file data_24.cif (mmCIF, C-alpha atoms)
data_work
#
loop_
_atom_site.label_atom_id
_atom_site.label_comp_id
_atom_site.auth_asym_id
_atom_site.auth_seq_id
_atom_site.Cartn_x
_atom_site.Cartn_y
_atom_site.Cartn_z
CA MET A 1 205.19 4.48 75.04
CA ARG A 2 205.60 7.53 77.23
CA ALA A 3 205.95 10.11 74.50
CA LEU A 4 205.45 12.85 77.07
CA LEU A 5 208.93 12.33 78.53
CA ALA A 6 210.69 14.09 75.69
CA ALA A 7 208.28 17.01 76.15
CA ALA A 8 208.75 16.89 79.91
CA LEU A 9 212.46 17.44 79.50
CA VAL A 10 211.96 20.99 78.19
CA PRO A 11 211.59 23.79 80.76
CA THR A 12 207.97 23.53 81.88
CA MET A 13 206.17 22.96 85.14
CA ALA A 14 202.97 21.76 83.49
CA GLY A 15 203.26 18.37 85.15
CA ALA A 16 204.17 19.69 88.58
CA ALA A 17 200.71 19.23 90.06
CA ALA A 18 200.26 15.70 88.72
CA GLU A 19 199.11 13.15 91.26
CA PRO A 20 199.98 9.45 91.23
CA VAL A 21 197.51 7.40 89.24
CA ALA A 22 195.28 4.88 90.98
CA PRO A 23 196.21 1.19 90.95
CA VAL A 24 194.70 -1.10 88.33
CA ALA A 25 190.97 -1.51 89.09
CA PRO A 26 189.48 -3.66 90.40
CA ALA A 27 192.45 -4.16 92.68
CA PRO A 28 193.49 -7.82 92.94
CA ARG A 29 194.30 -9.37 96.28
CA PRO A 30 197.92 -9.27 97.46
CA TYR A 31 200.13 -12.36 97.37
CA LEU A 32 201.10 -12.25 101.03
CA GLU A 33 198.94 -12.63 104.08
CA ALA A 34 198.67 -9.62 106.36
CA GLY A 35 201.72 -9.42 108.61
CA ALA A 36 203.78 -11.88 106.57
CA LEU A 37 206.56 -9.29 106.33
CA ASP A 38 207.29 -6.85 109.17
CA PRO A 39 209.01 -3.79 107.67
CA VAL A 40 209.43 -2.17 111.09
CA ALA A 41 211.67 -5.05 112.19
CA ILE A 42 213.65 -5.01 108.94
CA LEU A 43 214.24 -1.31 108.33
CA PRO A 44 216.60 0.73 110.48
CA PRO A 45 214.97 3.79 112.02
CA PRO A 46 215.38 7.02 110.05
CA PRO A 47 218.22 9.35 111.02
CA LYS A 48 217.72 11.25 114.26
CA PRO A 49 217.54 15.07 114.19
CA GLY A 50 221.02 16.50 114.62
CA SER A 51 222.78 13.27 113.67
CA PRO A 52 225.45 13.08 110.95
CA ALA A 53 223.10 10.96 108.87
CA GLN A 54 220.40 13.63 109.09
CA GLY A 55 223.02 16.20 108.14
CA ALA A 56 223.81 14.18 105.02
CA ASP A 57 220.10 14.03 104.19
CA ALA A 58 219.79 17.80 104.62
CA ALA A 59 222.82 18.40 102.40
CA ALA A 60 221.38 16.20 99.66
CA TYR A 61 218.07 18.04 99.90
CA ALA A 62 219.81 21.42 99.61
CA VAL A 63 221.98 20.53 96.63
CA THR A 64 219.15 18.92 94.68
CA ARG A 65 217.06 22.12 94.97
CA ASP A 66 219.54 23.57 92.48
CA LEU A 67 218.37 21.00 89.90
CA ALA A 68 215.06 22.85 89.32
CA GLY A 69 214.55 23.20 85.58
CA SER A 70 217.27 20.67 84.68
CA PRO A 71 216.80 17.37 82.79
CA HIS A 72 216.92 15.59 86.17
CA TRP A 73 214.06 17.82 87.34
CA HIS A 74 211.85 17.10 84.37
CA LEU A 75 212.51 13.37 84.61
CA ALA A 76 211.44 13.63 88.28
CA ILE A 77 208.19 15.27 87.14
CA ALA A 78 207.63 12.50 84.60
CA ASP A 79 208.29 9.92 87.34
CA VAL A 80 205.65 11.33 89.73
CA PRO A 81 202.74 9.08 88.62
CA SER A 82 203.00 5.55 89.96
CA GLY A 83 200.93 2.41 89.37
CA VAL A 84 201.31 -0.52 86.98
CA PRO A 85 200.62 1.15 83.59
CA ARG A 86 202.98 4.04 84.30
CA LEU A 87 205.74 1.86 85.75
CA LEU A 88 205.58 -0.47 82.77
CA ASP A 89 205.96 2.58 80.56
CA ASP A 90 208.83 3.90 82.70
CA PHE A 91 210.71 0.60 82.37
CA SER A 92 210.15 0.18 78.62
CA CYS A 93 213.44 1.77 77.56
CA ALA A 94 215.41 -0.27 80.09
CA ALA A 95 213.58 -3.41 78.94
CA GLY A 96 214.34 -2.65 75.31
CA ARG A 97 210.69 -3.24 74.42
CA ARG A 98 207.31 -1.63 74.84
CA LEU A 99 205.68 -2.70 78.08
CA GLU A 100 201.93 -2.10 78.37
CA PRO A 101 199.09 -3.89 80.19
CA ALA A 102 197.35 -4.62 76.88
CA ARG A 103 200.50 -6.18 75.45
CA GLN A 104 201.56 -8.10 78.57
CA PRO A 105 198.41 -8.80 80.62
CA ALA A 106 200.02 -11.58 82.67
CA LEU A 107 202.88 -9.27 83.65
CA ALA A 108 200.44 -6.47 84.47
CA LEU A 109 198.43 -8.77 86.74
CA LEU A 110 201.59 -10.00 88.46
CA LEU A 111 202.68 -6.44 89.19
CA ALA A 112 199.19 -5.35 90.24
CA ARG A 113 199.09 -8.08 92.89
CA ALA A 114 202.65 -7.35 94.02
CA ARG A 115 201.75 -3.66 94.26
CA ARG A 116 199.15 -4.50 96.89
CA ASP A 117 201.97 -6.02 98.95
CA VAL A 118 204.09 -2.91 98.37
CA VAL A 119 201.25 -0.71 99.64
CA ALA A 120 200.85 -2.79 102.81
CA VAL A 121 204.57 -2.77 103.62
CA VAL A 122 204.96 0.97 103.00
CA ARG A 123 201.77 1.87 104.88
CA ASP A 124 202.82 0.00 108.01
CA ALA A 125 206.36 1.39 107.99
CA LYS A 126 205.31 4.99 107.36
CA ALA A 127 202.75 4.85 110.18
CA HIS A 128 205.34 3.49 112.61
CA PHE A 129 208.25 5.81 111.81
CA ALA A 130 206.10 8.91 111.13
CA ARG A 131 208.97 10.87 109.61
CA PRO A 132 208.03 14.33 108.26
CA ARG A 133 208.84 15.13 104.65
CA PRO A 134 211.79 17.43 103.88
CA HIS A 135 209.79 20.27 102.34
CA LEU A 136 207.93 21.07 105.55
CA GLY A 137 209.05 24.30 107.17
CA ASN A 138 210.74 25.73 104.10
CA ALA A 139 209.78 27.23 100.75
CA ALA A 140 212.27 25.38 98.55
CA ALA A 141 211.24 24.35 95.04
CA LEU A 142 209.37 21.07 94.59
CA CYS A 143 208.51 19.30 91.35
CA VAL A 144 204.93 18.78 92.61
CA ALA A 145 202.34 21.03 94.20
CA ARG A 146 202.60 21.62 97.97
CA THR A 147 199.25 20.11 98.90
CA ASP A 148 197.94 19.51 102.40
CA ALA A 149 197.73 15.80 101.63
CA LEU A 150 201.42 15.70 100.74
CA GLY A 151 202.33 17.54 103.92
CA ARG A 152 200.28 15.16 106.07
CA SER A 153 201.81 12.02 104.53
CA PHE A 154 204.97 10.54 105.99
CA ALA A 155 208.33 10.14 104.30
CA TYR A 156 210.00 6.93 105.51
CA PRO A 157 210.32 4.72 103.51
CA SER A 158 209.61 6.18 100.08
CA GLY A 159 206.64 4.41 98.52
CA HIS A 160 207.85 5.27 95.02
CA ALA A 161 211.30 3.86 95.73
CA THR A 162 209.83 0.69 97.26
CA GLU A 163 207.50 0.15 94.33
CA GLY A 164 210.10 0.98 91.68
CA TRP A 165 212.75 -1.27 93.21
CA THR A 166 210.31 -4.16 93.70
CA PHE A 167 209.15 -3.88 90.10
CA GLY A 168 212.75 -3.58 88.91
CA LEU A 169 213.67 -6.82 90.69
CA VAL A 170 210.66 -8.60 89.19
CA LEU A 171 211.53 -7.42 85.69
CA ALA A 172 215.20 -8.30 86.15
CA ALA A 173 214.19 -11.82 87.15
CA LEU A 174 212.05 -12.06 84.02
CA MET A 175 214.63 -10.49 81.68
CA PRO A 176 218.06 -11.25 83.19
CA GLU A 177 219.76 -10.15 79.98
CA ARG A 178 218.39 -6.63 80.70
CA ALA A 179 218.98 -6.72 84.48
CA THR A 180 221.61 -3.97 84.59
CA ALA A 181 219.48 -1.48 82.66
CA LEU A 182 216.31 -2.40 84.56
CA LEU A 183 217.87 -2.04 88.00
CA ARG A 184 219.56 1.20 86.97
CA ARG A 185 216.17 2.57 85.96
CA ALA A 186 214.69 1.38 89.26
CA ARG A 187 217.41 3.30 91.11
CA VAL A 188 216.81 6.44 89.06
CA TYR A 189 213.05 6.19 89.63
CA GLY A 190 213.63 6.29 93.38
CA GLU A 191 216.17 9.09 93.12
CA SER A 192 213.59 11.18 91.28
CA ARG A 193 211.86 11.59 94.65
CA ILE A 194 214.99 13.22 96.08
CA VAL A 195 215.24 15.53 93.06
CA CYS A 196 211.53 16.30 93.39
CA GLY A 197 212.11 17.45 96.98
CA VAL A 198 209.50 15.23 98.61
CA HIS A 199 211.84 12.63 100.15
CA TRP A 200 215.08 12.52 102.07
CA ALA A 201 217.84 10.41 100.52
CA SER A 202 217.58 7.89 103.37
CA ASP A 203 213.85 7.48 102.62
CA VAL A 204 214.81 6.25 99.17
CA GLU A 205 217.53 3.95 100.53
CA ALA A 206 214.97 2.47 102.91
CA GLY A 207 212.58 1.98 99.99
CA ARG A 208 215.17 -0.10 98.17
CA LEU A 209 215.73 -2.20 101.29
CA ALA A 210 212.00 -2.68 101.75
CA GLY A 211 211.60 -3.62 98.08
CA SER A 212 214.42 -6.15 98.29
CA ALA A 213 212.92 -7.73 101.42
CA LEU A 214 209.51 -7.86 99.79
CA PHE A 215 210.79 -9.47 96.58
CA ALA A 216 212.71 -12.09 98.60
CA THR A 217 209.49 -12.92 100.44
CA LEU A 218 207.38 -12.99 97.29
CA VAL A 219 209.59 -15.54 95.55
CA GLY A 220 208.74 -17.97 98.34
CA ASP A 221 205.04 -17.74 97.49
CA PRO A 222 203.82 -20.45 95.06
CA ALA A 223 201.18 -18.20 93.47
CA PHE A 224 203.77 -15.50 92.81
CA ARG A 225 206.16 -18.00 91.25
CA ALA A 226 203.39 -19.38 89.01
CA ASP A 227 202.47 -15.88 87.86
CA LEU A 228 206.14 -15.11 87.30
CA GLU A 229 206.43 -18.04 84.91
CA ARG A 230 203.30 -16.96 83.04
CA ALA A 231 204.78 -13.51 82.62
CA ARG A 232 208.09 -15.01 81.48
CA ALA A 233 206.33 -17.02 78.76
CA GLU A 234 204.45 -13.91 77.68
CA LEU A 235 207.70 -11.94 77.32
CA ALA A 236 209.13 -14.64 75.08
CA GLY A 237 206.81 -13.44 72.30
CA PRO A 238 207.40 -10.73 69.70
CA ALA A 239 208.36 -7.29 70.96
CA ASP A 240 208.04 -3.75 69.66
CA ALA A 241 210.93 -1.39 70.30
CA PRO A 242 210.37 1.61 72.60
CA ASP A 243 210.41 5.11 71.17
CA PRO A 244 214.06 6.06 70.47
CA ALA A 245 213.55 9.77 71.15
CA THR A 246 211.99 9.07 74.54
CA CYS A 247 214.80 6.66 75.46
CA ALA A 248 217.46 9.17 74.41
CA ALA A 249 215.85 11.90 76.51
CA GLU A 250 215.54 9.56 79.49
CA GLU A 251 219.16 8.46 79.19
CA GLY A 252 220.33 12.04 79.12
CA ALA A 253 218.46 12.81 82.35
CA ALA A 254 219.44 9.68 84.26
CA SER A 255 223.02 10.44 85.36
CA PRO A 256 223.65 10.02 89.11
CA VAL A 257 222.07 12.64 91.35
CA PRO A 258 224.68 15.03 92.86
#
call {"tool": "encode", "arguments": {"input": "data_24.cif", "output": "structure tokens"}}
result
Amino acid sequence: MRALLAAALVPTMAGAAAEPVAPVAPAPRPYLEAGALDPVAILPPPPKPGSPAQGADAAAYAVTRDLAGSPHWHLAIADVPSGVPRLLDDFSCAAGRRLEPARQPALALLLARARRDVVAVVRDAKAHFARPRPHLGNAAALCVARTDALGRSFAYPSGHATEGWTFGLVLAALMPERATALLRRARVYGESRIVCGVHWASDVEAGRLAGSALFATLVGDPAFRADLERARAELAGPADAPDPATCAAEEGAASPVP
């Protein structure tokens, strides 16, 4: 269980330079064939400069800079790493049980394959829309280091939000009795990118739309459905409770973003 969250919620920037972890290796093949889902046709374009929607994005960016050092901020730091092991850990409190690749290998494999589809969808959309990130051209606080790689990467849609929402939908399908908590955590995981200062609010909204479209497409794939049932059977077994202190700290930091 992610014992570091409770520590991350005290005033420290030790995790600010953390980079997302690599996907499970060796990476499995995706479920969908290349081009099976066209995110450019599904997603609306990002807000235009000077538009009311861009103004709302800028306002959200400005107000969330004031969250530096808050519980929201430290949860955003803890949410920086992505990938299957970390996302399973992030969803453990919402699932009401410890989720780890060693404990649920069928679930881990399912998510590892789905993550390849997430990467393809996000990559194609980011390349097409080429939206700059909100921290460029200003010196506002971020919850991560201002690296050249971050500055060169595009914002729309948020990869974290797409991945988190896709995984949340998968887990909600597997554990419908925990759906509310799981989808709430998926929302918060995406919102952490707004708090962090590396995404506009509309990037995160687009990530949720992309994740929903991807999940709807995946459930039509026979291999995905077969793996889903294997994971469901696996989750029917005994479960260990997540760490109460970590869950309490996470709950305290997960109120809606201003």
call {"tool": "resolve_selection", "arguments": {"input": "data_24.cif", "expression": "the PyMOL selection byres ((chain A and resi 242) around 8)", "output": "list of chain:residue names"}}
result
A:Met1, A:Ser92, A:Cys93, A:Gly96, A:Arg97, A:Arg98, A:Asp240, A:Ala241, A:Asp243, A:Pro244, A:Thr246, A:Cys247
call {"tool": "write_last_selection", "arguments": {"input": "data_24.cif", "atoms": "C-alpha atoms", "output": "PDB file, in the frame of the given file"}}
result
ATOM      1  CA  MET A   1     205.190   4.480  75.040  1.00  0.00           C
ATOM      2  CA  SER A  92     210.150   0.180  78.620  1.00  0.00           C
ATOM      3  CA  CYS A  93     213.440   1.770  77.560  1.00  0.00           C
ATOM      4  CA  GLY A  96     214.340  -2.650  75.310  1.00  0.00           C
ATOM      5  CA  ARG A  97     210.690  -3.240  74.420  1.00  0.00           C
ATOM      6  CA  ARG A  98     207.310  -1.630  74.840  1.00  0.00           C
ATOM      7  CA  ASP A 240     208.040  -3.750  69.660  1.00  0.00           C
ATOM      8  CA  ALA A 241     210.930  -1.390  70.300  1.00  0.00           C
ATOM      9  CA  ASP A 243     210.410   5.110  71.170  1.00  0.00           C
ATOM     10  CA  PRO A 244     214.060   6.060  70.470  1.00  0.00           C
ATOM     11  CA  THR A 246     211.990   9.070  74.540  1.00  0.00           C
ATOM     12  CA  CYS A 247     214.800   6.660  75.460  1.00  0.00           C
TER      13      CYS A 247
END
call {"tool": "closest_residue", "arguments": {"input": "data_24.cif", "among": "A:Arg152, A:Asp89, A:Pro30, A:Ala94", "to": "Pro176 in chain A", "atoms": "all atoms listed in the file"}}
result
A:Ala94
call {"tool": "atom_distance", "arguments": {"input": "data_24.cif", "atom1": "CA of Gly151 in chain A", "atom2": "CA of Arg133 in chain A"}}
result
7.0 Å
call {"tool": "resolve_selection", "arguments": {"input": "data_24.cif", "expression": "the PyMOL selection byres ((chain A and resi 154) around 10)", "output": "list in words"}}
result
Arg123, Ala125, Lys126, Ala127, His128, Phe129, Ala130, Arg131, Pro132, Arg133, Pro134, Ala149, Leu150, Gly151, Arg152, Ser153, Ala155, Tyr156, Pro157, Ser158, Gly159, Val198, His199 and Asp203 of chain A
call {"tool": "residues_around", "arguments": {"input": "data_24.cif", "residues": "range 57-61 of chain A", "least_positions_apart": "2", "cutoff": "6 Å", "atoms": "only C-alpha atoms", "output": "list of chain:residue names"}}
result
A:Gln54, A:Gly55, A:Val63, A:Thr64, A:Trp200, A:Ala201
call {"tool": "residues_near_point", "arguments": {"input": "data_24.cif", "point": "(210.7, -13.2, 88.4)", "cutoff": "10 Å", "atoms": "all atoms listed in the file", "output": "list in words"}}
result
Leu107, Leu110, Phe167, Gly168, Leu169, Val170, Leu171, Ala172, Ala173, Leu174, Met175, Pro176, Phe215, Leu218, Val219, Phe224, Arg225, Ala226, Asp227, Leu228, Glu229, Arg230, Ala231 and Arg232 of chain A
call {"tool": "closest_residue", "arguments": {"input": "data_24.cif", "among": "A:Val144, A:Val119, A:Leu182, A:Ala62", "to": "Gly83 in chain A", "atoms": "all atoms listed in the file"}}
result
A:Val119
call {"tool": "closest_residue", "arguments": {"input": "data_24.cif", "among": "A:Pro45, A:Ala253, A:Pro71, A:Phe91", "to": "Arg185 in chain A", "atoms": "only C-alpha atoms"}}
result
A:Phe91
call {"tool": "closest_residue", "arguments": {"input": "data_24.cif", "among": "A:Pro39, A:Gly211, A:Gly137, A:Gly197", "to": "Trp165 in chain A", "atoms": "all atoms listed in the file"}}
result
A:Gly211
call {"tool": "resolve_selection", "arguments": {"input": "data_24.cif", "expression": "the PyMOL selection byres ((chain A and resi 142) around 9)", "output": "list of chain:residue names"}}
result
A:Ala16, A:Arg65, A:Ala68, A:His135, A:Ala139, A:Ala140, A:Ala141, A:Cys143, A:Val144, A:Ala145, A:Arg146, A:Val195, A:Cys196, A:Gly197, A:Val198
call {"tool": "atom_distance", "arguments": {"input": "data_24.cif", "atom1": "CA of Thr166 in chain A", "atom2": "CA of Ala186 in chain A"}}
result
8.3 Å
call {"tool": "atom_distance", "arguments": {"input": "data_24.cif", "atom1": "CA of Ile42 in chain A", "atom2": "CA of Val257 in chain A"}}
result
26.3 Å
call {"tool": "closest_residue", "arguments": {"input": "data_24.cif", "among": "A:Ala181, A:Val204, A:Leu109, A:Leu209", "to": "Asp90 in chain A", "atoms": "all atoms listed in the file"}}
result
A:Ala181
call {"tool": "axis_aligned_box", "arguments": {"input": "data_24.cif", "around": "range 172-183 of chain A", "padding_each_side": "4 Å", "output": "lines of an AutoDock Vina configuration file"}}
result
center_x = 216.8
center_y = -6.8
center_z = 84.0
size_x = 17.6
size_y = 18.6
size_z = 16.0
call {"tool": "closest_residue", "arguments": {"input": "data_24.cif", "among": "A:Ala120, A:Ala56, A:Ala95, A:Ala34", "to": "Ala210 in chain A", "atoms": "only C-alpha atoms"}}
result
A:Ala120
call {"tool": "residues_around", "arguments": {"input": "data_24.cif", "residues": "Arg29 in chain A", "least_positions_apart": "6", "cutoff": "9 Å", "atoms": "only C-alpha atoms", "output": "list in words"}}
result
Ala112, Arg113, Ala114, Arg116 and Asp117 of chain A
call {"tool": "write_last_selection", "arguments": {"input": "data_24.cif", "atoms": "C-alpha atoms", "output": "compact mmCIF listing (two decimals), in the coordinates of the input"}}
result
# COMPACT_ATOMS: atom_id res chain seq x y z
CA ALA A 112 199.19 -5.35 90.24
CA ARG A 113 199.09 -8.08 92.89
CA ALA A 114 202.65 -7.35 94.02
CA ARG A 116 199.15 -4.50 96.89
CA ASP A 117 201.97 -6.02 98.95
